[in-house]
Amino acid sequence: MIRIRVTTFLASLGVALTGLALPAMAQTTTIRIGYPGVGIDNRPYGYGDYPSIAAVGKYIEAEFKNQPNVKVTWTFFRGAGPALNESIAAGQIDFAAGLGDLPSIVGKSRGLNTEYLAAGGIHSPLYLAVPANSTITSIDQLRGKRVAEFRGTNLQMATDRVLQVHGFSEKDIRFISLDMNSATAALVSGAIDASFGGSEYLDLAKRGIVKIIYSTKGDDPTLGAESGIVVTTAFEKAHPDLTEKVVRGFVLAAKYGSDEANRQAVFAIWAKSGLPAGSFAADFKDERLAHRDSPVIDPYLIARYKDQVAHAKAYHLITNTVDVDSWFQPKYLNEALAELKLQNYWPTYDSRGNKLTDGAVEQTRAAGE
Amino acid sequence: MARSNRPVPQGSEMSGGTATLPPPAVRPRRRHPGTVRLGNLAIGVAMPIALLALWQASARFNILPEQILPPPQAVIGVLRDGWNDGSLQANTLVSLGRVANGFLAGGVIGLLVGVVLGLSAAWRAMVQPLFLTLAQVPILGWLPILILISGLGDTPKIIAIGWSTFVPVVLNTSQGIAQVPRSLLELGDVLSFSRWSRLRSIILPSAVPQIFTGLREGLANGWQTLVAVELLGSFSGLGYMMAYGRQLFQLEMVLAAVVVVGLIGVLLYLFLGFIERRLLRWQAGRS
């Protein structure tokens, strides 16, 4: 009898110990998210899109608060999209958040196995900056001028498209290959006549260092730059459950970033990058947050990416084409939207950028409005 | 054996005296070089071949992702395509032109300044500290200032290349000249050489090896600086090819440019060595 009891005791003890040990022994999974950019002075903050809100607000981490064995890390790449691509190839990153259209297309075309999950910052306008004392007053005066261009980035593609729409070909402009920071220095010193860029120029314009003489806002609605949330196929296949939650976290961040009630708070979050909140106010003047912070994959986004693939091919930036239809995997996004009852939260646009359906977010109002 | 069979020069003490100087410079070249050079060549070739094999193996067995380390065939493909459409030659010529201009300017001015500093202790004391301080600043530190002053064209690139050539040329030339053996200078005094022939016949020849060390170092520096300056504010050249390749995630393009840069660097180095040997032989022959 006693012997049996001892054995039973030992056995139950063993079971209990195993039961205790198992969860502790379960492998820790790290979700490694990369963001293609840094703030001023390499600050680890993005700006101007909702993935940077997700990072600051820890929206992805919040999805895993009951799973202590899941860790989330964020890496901000000073070398932007190209550096992020290299990191994906080296197997160091699982998600690219806010990766520009061209870098993601280039990566996909080069054989990086990725799935496109959601829009990650769209309709980003382009500004044309000239030196403060420049005599250039309109984009139509750029013929024969020295214009900065960061080759191989989506800024190049966006620049080319703007110039094309305004009747210029690549030969009409003297392009100088410069990255954003060098372009600003060159602009100030008068070494170049003009440079296309993002909202960074708004603050310089406010300080009287450059003049903004054109922006794509209000021009052809397809002229902005797009970016997305991309996951490696390896991660998505191994962890569909985690992928689902990551997308949910991003959608919640996009919702926060689209709600006009949060307008000032959103600018304050982006200001962590070192750019003043005022320049975001100028950037978003007469524009709703949701116009850029929508995660939705609509006919507009699909058409833009197909067009970008065609342009990248025509410019010999890629050799292998990319099949946008099979690359885009809206499954997780649609699940998250349905689960959060946000299917009609954001407006959708047709392939030419005209409004297709209204969204509930458009009823939100900024405080005091 | 060879020595004892050599006809002993007849006559003057002078020729006997000088005969002890040149032969060591000439003779070892005839005895060892065959074996030493073959051995060096074998080692020199074995290493790249081993690396190439390793590279091929890495590509074959997917040790590194092909996007990060493309197979050698892909690099050869880029070189072939670039050659066929002429872009490779165009980029190489642009880069060579920039290096040639910068190296010539930096080399010539560096030689002149180096000779002056080598000859005059007073100038050396006055200029050397400032010069050494400036020489410590990496060329990329000067670049923003250069661009502000001279714009984004070829000028700042050539100045940057020129400066990175200038520094080692000045240092080595002045040192080589300042260290000419006293005995040789005294010999010149005995023969009551003029200042010019003293410089031409004694000082410069004996400083040749050190001067060429400076030139070689200057050329290597200039070639490296080229790549650094072309990565920035440029639209052509091998450095630009690297920057562009990286932007577009075509690392085989980066590696192709690396191969061309490396090959040209080696060729230029060998060329300078060839000229140096010719000069030394000519100098030995003259005496």
# chains A, B, ... in the order shown; residues from 1 in each chain; ligands from 1
>>> interface_residues(of="chain B", to="chain A", cutoff="8 Å", atoms="only C-alpha atoms", output="mmCIF file with N, CA and C atoms, in the first residue's frame")
data_model
loop_
_atom_site.group_PDB
_atom_site.id
_atom_site.type_symbol
_atom_site.label_atom_id
_atom_site.label_comp_id
_atom_site.auth_asym_id
_atom_site.auth_seq_id
_atom_site.Cartn_x
_atom_site.Cartn_y
_atom_site.Cartn_z
ATOM 1 N N LEU B 64 24.769 32.219 -47.692
ATOM 2 C CA LEU B 64 24.257 33.580 -47.502
ATOM 3 C C LEU B 64 23.151 33.793 -48.526
ATOM 4 N N PRO B 65 22.111 34.580 -48.169
ATOM 5 C CA PRO B 65 21.051 34.815 -49.146
ATOM 6 C C PRO B 65 21.625 35.447 -50.425
ATOM 7 N N GLN B 67 20.474 37.551 -52.284
ATOM 8 C CA GLN B 67 20.289 39.000 -52.381
ATOM 9 C C GLN B 67 21.432 39.742 -51.698
ATOM 10 N N ILE B 68 22.050 39.085 -50.700
ATOM 11 C CA ILE B 68 23.146 39.724 -49.965
ATOM 12 C C ILE B 68 24.474 39.429 -50.654
ATOM 13 N N ILE B 147 31.862 71.037 -50.740
ATOM 14 C CA ILE B 147 30.650 71.150 -51.558
ATOM 15 C C ILE B 147 30.072 72.559 -51.424
ATOM 16 N N LEU B 148 30.129 73.097 -50.204
ATOM 17 C CA LEU B 148 29.628 74.460 -49.996
ATOM 18 C C LEU B 148 30.424 75.458 -50.830
ATOM 19 N N GLY B 151 30.562 73.707 -54.970
ATOM 20 C CA GLY B 151 29.398 73.134 -55.627
ATOM 21 C C GLY B 151 29.451 71.621 -55.692
ATOM 22 N N LEU B 152 28.626 71.063 -56.585
ATOM 23 C CA LEU B 152 28.479 69.612 -56.623
ATOM 24 C C LEU B 152 29.087 68.989 -57.867
ATOM 25 N N LEU B 232 28.396 60.199 -53.156
ATOM 26 C CA LEU B 232 27.619 61.375 -52.755
ATOM 27 C C LEU B 232 27.595 62.386 -53.885
ATOM 28 N N GLY B 233 26.465 62.925 -54.149
ATOM 29 C CA GLY B 233 26.392 64.038 -55.081
ATOM 30 C C GLY B 233 26.972 63.736 -56.438
ATOM 31 N N SER B 234 26.705 62.550 -56.948
ATOM 32 C CA SER B 234 27.298 62.181 -58.220
ATOM 33 C C SER B 234 26.287 61.419 -59.055
ATOM 34 N N PHE B 235 26.521 61.421 -60.332
ATOM 35 C CA PHE B 235 25.574 60.762 -61.219
ATOM 36 C C PHE B 235 26.299 59.839 -62.176
ATOM 37 N N TYR B 244 24.149 53.247 -56.404
ATOM 38 C CA TYR B 244 22.933 52.931 -57.153
ATOM 39 C C TYR B 244 22.564 51.456 -56.969
ATOM 40 N N ARG B 246 23.241 49.565 -54.544
ATOM 41 C CA ARG B 246 22.741 49.302 -53.193
ATOM 42 C C ARG B 246 21.307 49.808 -53.074
ATOM 43 N N GLN B 247 21.043 50.993 -53.633
ATOM 44 C CA GLN B 247 19.694 51.536 -53.606
ATOM 45 C C GLN B 247 18.698 50.551 -54.185
ATOM 46 N N LEU B 248 19.085 49.954 -55.296
ATOM 47 C CA LEU B 248 18.145 49.093 -56.014
ATOM 48 C C LEU B 248 18.291 47.641 -55.604
ATOM 49 N N PHE B 249 19.047 47.426 -54.503
ATOM 50 C CA PHE B 249 19.129 46.082 -53.964
ATOM 51 C C PHE B 249 19.720 45.127 -54.987
ATOM 52 N N GLN B 250 20.638 45.647 -55.821
ATOM 53 C CA GLN B 250 21.327 44.799 -56.803
ATOM 54 C C GLN B 250 22.783 44.733 -56.367
#
>>> residues_around(residues="Ile229 of chain A", least_positions_apart="2", cutoff="9 Å", atoms="only C-alpha atoms", output="list in words")
Pro51, Phe95, Ala96, Ala97, Gly98, Leu99, Glu115, Tyr116, Leu117, Ala118, Ala119, Gly120, Gly121, Ser227, Val231, Val247, Phe250 and Pro295 of chain A
>>> write_last_selection(atoms="C-alpha atoms", output="PDB file, in the first residue's frame")
ATOM      1  CA  PRO A  51       3.078  52.718 -38.225  1.00  0.00           C
ATOM      2  CA  PHE A  95       7.643  42.877 -40.550  1.00  0.00           C
ATOM      3  CA  ALA A  96       8.422  46.024 -42.509  1.00  0.00           C
ATOM      4  CA  ALA A  97       6.079  48.770 -41.344  1.00  0.00           C
ATOM      5  CA  GLY A  98       5.598  51.721 -43.660  1.00  0.00           C
ATOM      6  CA  LEU A  99       7.961  50.401 -46.337  1.00  0.00           C
ATOM      7  CA  GLU A 115       3.298  39.257 -48.305  1.00  0.00           C
ATOM      8  CA  TYR A 116       1.696  42.675 -48.515  1.00  0.00           C
ATOM      9  CA  LEU A 117      -0.722  42.936 -45.593  1.00  0.00           C
ATOM     10  CA  ALA A 118      -2.076  46.496 -45.486  1.00  0.00           C
ATOM     11  CA  ALA A 119      -1.482  50.040 -46.598  1.00  0.00           C
ATOM     12  CA  GLY A 120       0.993  51.696 -44.250  1.00  0.00           C
ATOM     13  CA  GLY A 121       0.846  55.389 -45.039  1.00  0.00           C
ATOM     14  CA  SER A 227       3.797  52.591 -48.420  1.00  0.00           C
ATOM     15  CA  VAL A 231       5.548  40.431 -43.618  1.00  0.00           C
ATOM     16  CA  VAL A 247      -2.255  43.312 -38.185  1.00  0.00           C
ATOM     17  CA  PHE A 250      -1.677  48.092 -36.736  1.00  0.00           C
ATOM     18  CA  PRO A 295      -4.772  50.766 -43.799  1.00  0.00           C
TER      19      PRO A 295
END
>>> residues_around(residues="segment 355-363 of chain A", least_positions_apart="3", cutoff="6 Å", atoms="only C-alpha atoms", output="number ranges by chain")
A: 344-350
>>> residues_around(residues="Gly107 of chain B", least_positions_apart="4", cutoff="12 Å", atoms="only C-alpha atoms", output="PyMOL selection string")
chain B and resi 99-103+111-115+159+161-173+211-212+214-219+221-222
>>> write_last_selection(atoms="C-alpha atoms", output="PDB file, in the first residue's frame")
ATOM      1  CA  VAL B  99      41.510  60.203 -60.220  1.00  0.00           C
ATOM      2  CA  ALA B 100      43.959  61.260 -62.950  1.00  0.00           C
ATOM      3  CA  ASN B 101      43.152  64.948 -62.444  1.00  0.00           C
ATOM      4  CA  GLY B 102      43.200  64.743 -58.668  1.00  0.00           C
ATOM      5  CA  PHE B 103      46.323  62.601 -58.563  1.00  0.00           C
ATOM      6  CA  LEU B 111      56.181  66.882 -54.853  1.00  0.00           C
ATOM      7  CA  LEU B 112      57.021  70.580 -55.017  1.00  0.00           C
ATOM      8  CA  VAL B 113      55.922  71.255 -51.452  1.00  0.00           C
ATOM      9  CA  GLY B 114      57.649  68.080 -50.290  1.00  0.00           C
ATOM     10  CA  VAL B 115      60.945  69.113 -51.920  1.00  0.00           C
ATOM     11  CA  ILE B 159      40.073  68.564 -54.836  1.00  0.00           C
ATOM     12  CA  ILE B 161      41.217  63.225 -54.429  1.00  0.00           C
ATOM     13  CA  GLY B 162      44.035  65.727 -54.868  1.00  0.00           C
ATOM     14  CA  TRP B 163      44.212  66.381 -51.135  1.00  0.00           C
ATOM     15  CA  SER B 164      44.278  62.697 -50.250  1.00  0.00           C
ATOM     16  CA  THR B 165      47.161  62.255 -52.723  1.00  0.00           C
ATOM     17  CA  PHE B 166      48.913  65.425 -51.605  1.00  0.00           C
ATOM     18  CA  VAL B 167      49.257  64.425 -47.934  1.00  0.00           C
ATOM     19  CA  PRO B 168      51.345  61.228 -48.275  1.00  0.00           C
ATOM     20  CA  VAL B 169      53.328  62.661 -51.186  1.00  0.00           C
ATOM     21  CA  VAL B 170      54.390  65.687 -49.131  1.00  0.00           C
ATOM     22  CA  LEU B 171      55.192  63.626 -46.060  1.00  0.00           C
ATOM     23  CA  ASN B 172      57.251  61.021 -47.895  1.00  0.00           C
ATOM     24  CA  THR B 173      59.004  63.400 -50.271  1.00  0.00           C
ATOM     25  CA  ILE B 211      59.083  59.553 -52.988  1.00  0.00           C
ATOM     26  CA  PHE B 212      57.525  56.609 -54.789  1.00  0.00           C
ATOM     27  CA  GLY B 214      54.446  58.507 -51.136  1.00  0.00           C
ATOM     28  CA  LEU B 215      53.127  58.460 -54.685  1.00  0.00           C
ATOM     29  CA  ARG B 216      51.900  54.890 -54.345  1.00  0.00           C
ATOM     30  CA  GLU B 217      50.213  55.684 -51.075  1.00  0.00           C
ATOM     31  CA  GLY B 218      48.775  58.827 -52.624  1.00  0.00           C
ATOM     32  CA  LEU B 219      47.379  56.920 -55.567  1.00  0.00           C
ATOM     33  CA  ASN B 221      44.326  57.100 -51.157  1.00  0.00           C
ATOM     34  CA  GLY B 222      43.070  58.994 -54.176  1.00  0.00           C
TER      35      GLY B 222
END
>>> residues_around(residues="Ser195 of chain A", least_positions_apart="2", cutoff="9 Å", atoms="only C-alpha atoms", output="PyMOL selection string")
chain A and resi 127-130+146-149+180+183-184+187+192-193+197
>>> residues_around(residues="Ala178 of chain B", least_positions_apart="4", cutoff="8 Å", atoms="only C-alpha atoms", output="mmCIF file with C-alpha atoms, in the first residue's frame")
data_model
loop_
_atom_site.group_PDB
_atom_site.id
_atom_site.type_symbol
_atom_site.label_atom_id
_atom_site.label_comp_id
_atom_site.auth_asym_id
_atom_site.auth_seq_id
_atom_site.Cartn_x
_atom_site.Cartn_y
_atom_site.Cartn_z
ATOM 1 C CA GLY B 118 62.652 68.485 -47.321
ATOM 2 C CA LEU B 119 65.333 71.000 -48.213
ATOM 3 C CA SER B 174 60.096 65.775 -47.518
#
>>> select_by_dssp(residues="segment 106-309 of chain A", states="helix (DSSP H, G or I)", output="VMD selection string")
chain A and resid 106 to 109 139 to 141 154 to 165 170 to 172 180 to 189 200 to 206 233 to 238 240 to 258 260 to 273 277 to 283 290 to 293 299 to 309
>>> closest_residue(among="B:Gln175, B:Asn40, B:Ser192, B:Gln73", to="Ala59 of chain B", atoms="only C-alpha atoms")
B:Gln73
>>> decode(residues="segment 141-170 of chain B", atoms="N, CA and C atoms", output="PDB file, in the first residue's frame")
ATOM      1  N   GLY B 141      35.374  64.461 -43.828  1.00  0.00           N
ATOM      2  CA  GLY B 141      35.119  65.616 -42.977  1.00  0.00           C
ATOM      3  C   GLY B 141      35.192  66.916 -43.755  1.00  0.00           C
ATOM      4  N   TRP B 142      36.040  66.921 -44.779  1.00  0.00           N
ATOM      5  CA  TRP B 142      36.182  68.141 -45.589  1.00  0.00           C
ATOM      6  C   TRP B 142      35.057  68.281 -46.608  1.00  0.00           C
ATOM      7  N   LEU B 143      34.429  67.178 -46.926  1.00  0.00           N
ATOM      8  CA  LEU B 143      33.521  67.158 -48.072  1.00  0.00           C
ATOM      9  C   LEU B 143      32.385  68.184 -47.991  1.00  0.00           C
ATOM     10  N   PRO B 144      31.674  68.269 -46.854  1.00  0.00           N
ATOM     11  CA  PRO B 144      30.589  69.261 -46.799  1.00  0.00           C
ATOM     12  C   PRO B 144      31.100  70.673 -47.090  1.00  0.00           C
ATOM     13  N   ILE B 145      32.294  70.991 -46.534  1.00  0.00           N
ATOM     14  CA  ILE B 145      32.857  72.329 -46.749  1.00  0.00           C
ATOM     15  C   ILE B 145      33.208  72.505 -48.222  1.00  0.00           C
ATOM     16  N   LEU B 146      33.812  71.460 -48.800  1.00  0.00           N
ATOM     17  CA  LEU B 146      34.181  71.513 -50.217  1.00  0.00           C
ATOM     18  C   LEU B 146      32.956  71.741 -51.090  1.00  0.00           C
ATOM     19  N   ILE B 147      31.862  71.037 -50.740  1.00  0.00           N
ATOM     20  CA  ILE B 147      30.650  71.150 -51.558  1.00  0.00           C
ATOM     21  C   ILE B 147      30.072  72.559 -51.424  1.00  0.00           C
ATOM     22  N   LEU B 148      30.129  73.097 -50.204  1.00  0.00           N
ATOM     23  CA  LEU B 148      29.628  74.460 -49.996  1.00  0.00           C
ATOM     24  C   LEU B 148      30.424  75.458 -50.830  1.00  0.00           C
ATOM     25  N   ILE B 149      31.762  75.248 -50.894  1.00  0.00           N
ATOM     26  CA  ILE B 149      32.615  76.203 -51.599  1.00  0.00           C
ATOM     27  C   ILE B 149      32.553  75.993 -53.106  1.00  0.00           C
ATOM     28  N   SER B 150      32.654  74.728 -53.533  1.00  0.00           N
ATOM     29  CA  SER B 150      32.861  74.507 -54.964  1.00  0.00           C
ATOM     30  C   SER B 150      31.700  73.791 -55.638  1.00  0.00           C
ATOM     31  N   GLY B 151      30.562  73.707 -54.970  1.00  0.00           N
ATOM     32  CA  GLY B 151      29.398  73.134 -55.627  1.00  0.00           C
ATOM     33  C   GLY B 151      29.451  71.621 -55.692  1.00  0.00           C
ATOM     34  N   LEU B 152      28.626  71.063 -56.585  1.00  0.00           N
ATOM     35  CA  LEU B 152      28.479  69.612 -56.623  1.00  0.00           C
ATOM     36  C   LEU B 152      29.087  68.989 -57.867  1.00  0.00           C
ATOM     37  N   GLY B 153      29.788  69.779 -58.679  1.00  0.00           N
ATOM     38  CA  GLY B 153      30.339  69.238 -59.916  1.00  0.00           C
ATOM     39  C   GLY B 153      31.553  68.362 -59.639  1.00  0.00           C
ATOM     40  N   ASP B 154      32.463  68.323 -60.606  1.00  0.00           N
ATOM     41  CA  ASP B 154      33.655  67.503 -60.450  1.00  0.00           C
ATOM     42  C   ASP B 154      34.705  68.167 -59.561  1.00  0.00           C
ATOM     43  N   THR B 155      34.614  69.501 -59.416  1.00  0.00           N
ATOM     44  CA  THR B 155      35.669  70.222 -58.685  1.00  0.00           C
ATOM     45  C   THR B 155      35.884  69.688 -57.263  1.00  0.00           C
ATOM     46  N   PRO B 156      34.823  69.588 -56.433  1.00  0.00           N
ATOM     47  CA  PRO B 156      35.096  69.118 -55.069  1.00  0.00           C
ATOM     48  C   PRO B 156      35.651  67.694 -55.059  1.00  0.00           C
ATOM     49  N   LYS B 157      35.224  66.883 -56.023  1.00  0.00           N
ATOM     50  CA  LYS B 157      35.720  65.501 -56.068  1.00  0.00           C
ATOM     51  C   LYS B 157      37.209  65.502 -56.356  1.00  0.00           C
ATOM     52  N   ILE B 158      37.607  66.326 -57.353  1.00  0.00           N
ATOM     53  CA  ILE B 158      39.018  66.353 -57.739  1.00  0.00           C
ATOM     54  C   ILE B 158      39.862  66.951 -56.609  1.00  0.00           C
ATOM     55  N   ILE B 159      39.335  67.981 -55.962  1.00  0.00           N
ATOM     56  CA  ILE B 159      40.073  68.564 -54.836  1.00  0.00           C
ATOM     57  C   ILE B 159      40.242  67.517 -53.733  1.00  0.00           C
ATOM     58  N   ALA B 160      39.168  66.787 -53.450  1.00  0.00           N
ATOM     59  CA  ALA B 160      39.242  65.773 -52.388  1.00  0.00           C
ATOM     60  C   ALA B 160      40.273  64.703 -52.743  1.00  0.00           C
ATOM     61  N   ILE B 161      40.256  64.243 -53.999  1.00  0.00           N
ATOM     62  CA  ILE B 161      41.217  63.225 -54.429  1.00  0.00           C
ATOM     63  C   ILE B 161      42.625  63.813 -54.387  1.00  0.00           C
ATOM     64  N   GLY B 162      42.740  65.060 -54.872  1.00  0.00           N
ATOM     65  CA  GLY B 162      44.035  65.727 -54.868  1.00  0.00           C
ATOM     66  C   GLY B 162      44.597  65.833 -53.455  1.00  0.00           C
ATOM     67  N   TRP B 163      43.760  66.233 -52.515  1.00  0.00           N
ATOM     68  CA  TRP B 163      44.212  66.381 -51.135  1.00  0.00           C
ATOM     69  C   TRP B 163      44.671  65.041 -50.567  1.00  0.00           C
ATOM     70  N   SER B 164      43.902  63.973 -50.848  1.00  0.00           N
ATOM     71  CA  SER B 164      44.278  62.697 -50.250  1.00  0.00           C
ATOM     72  C   SER B 164      45.538  62.137 -50.913  1.00  0.00           C
ATOM     73  N   THR B 165      45.881  62.612 -52.107  1.00  0.00           N
ATOM     74  CA  THR B 165      47.161  62.255 -52.723  1.00  0.00           C
ATOM     75  C   THR B 165      48.273  63.124 -52.146  1.00  0.00           C
ATOM     76  N   PHE B 166      47.961  64.405 -52.041  1.00  0.00           N
ATOM     77  CA  PHE B 166      48.913  65.425 -51.605  1.00  0.00           C
ATOM     78  C   PHE B 166      49.569  65.062 -50.267  1.00  0.00           C
ATOM     79  N   VAL B 167      48.747  64.635 -49.294  1.00  0.00           N
ATOM     80  CA  VAL B 167      49.257  64.425 -47.934  1.00  0.00           C
ATOM     81  C   VAL B 167      50.402  63.411 -47.891  1.00  0.00           C
ATOM     82  N   PRO B 168      50.217  62.174 -48.371  1.00  0.00           N
ATOM     83  CA  PRO B 168      51.345  61.228 -48.275  1.00  0.00           C
ATOM     84  C   PRO B 168      52.515  61.611 -49.175  1.00  0.00           C
ATOM     85  N   VAL B 169      52.229  62.270 -50.297  1.00  0.00           N
ATOM     86  CA  VAL B 169      53.328  62.661 -51.186  1.00  0.00           C
ATOM     87  C   VAL B 169      54.222  63.682 -50.478  1.00  0.00           C
ATOM     88  N   VAL B 170      53.602  64.680 -49.853  1.00  0.00           N
ATOM     89  CA  VAL B 170      54.390  65.687 -49.131  1.00  0.00           C
ATOM     90  C   VAL B 170      55.192  65.030 -48.017  1.00  0.00           C
TER      91      VAL B 170
END
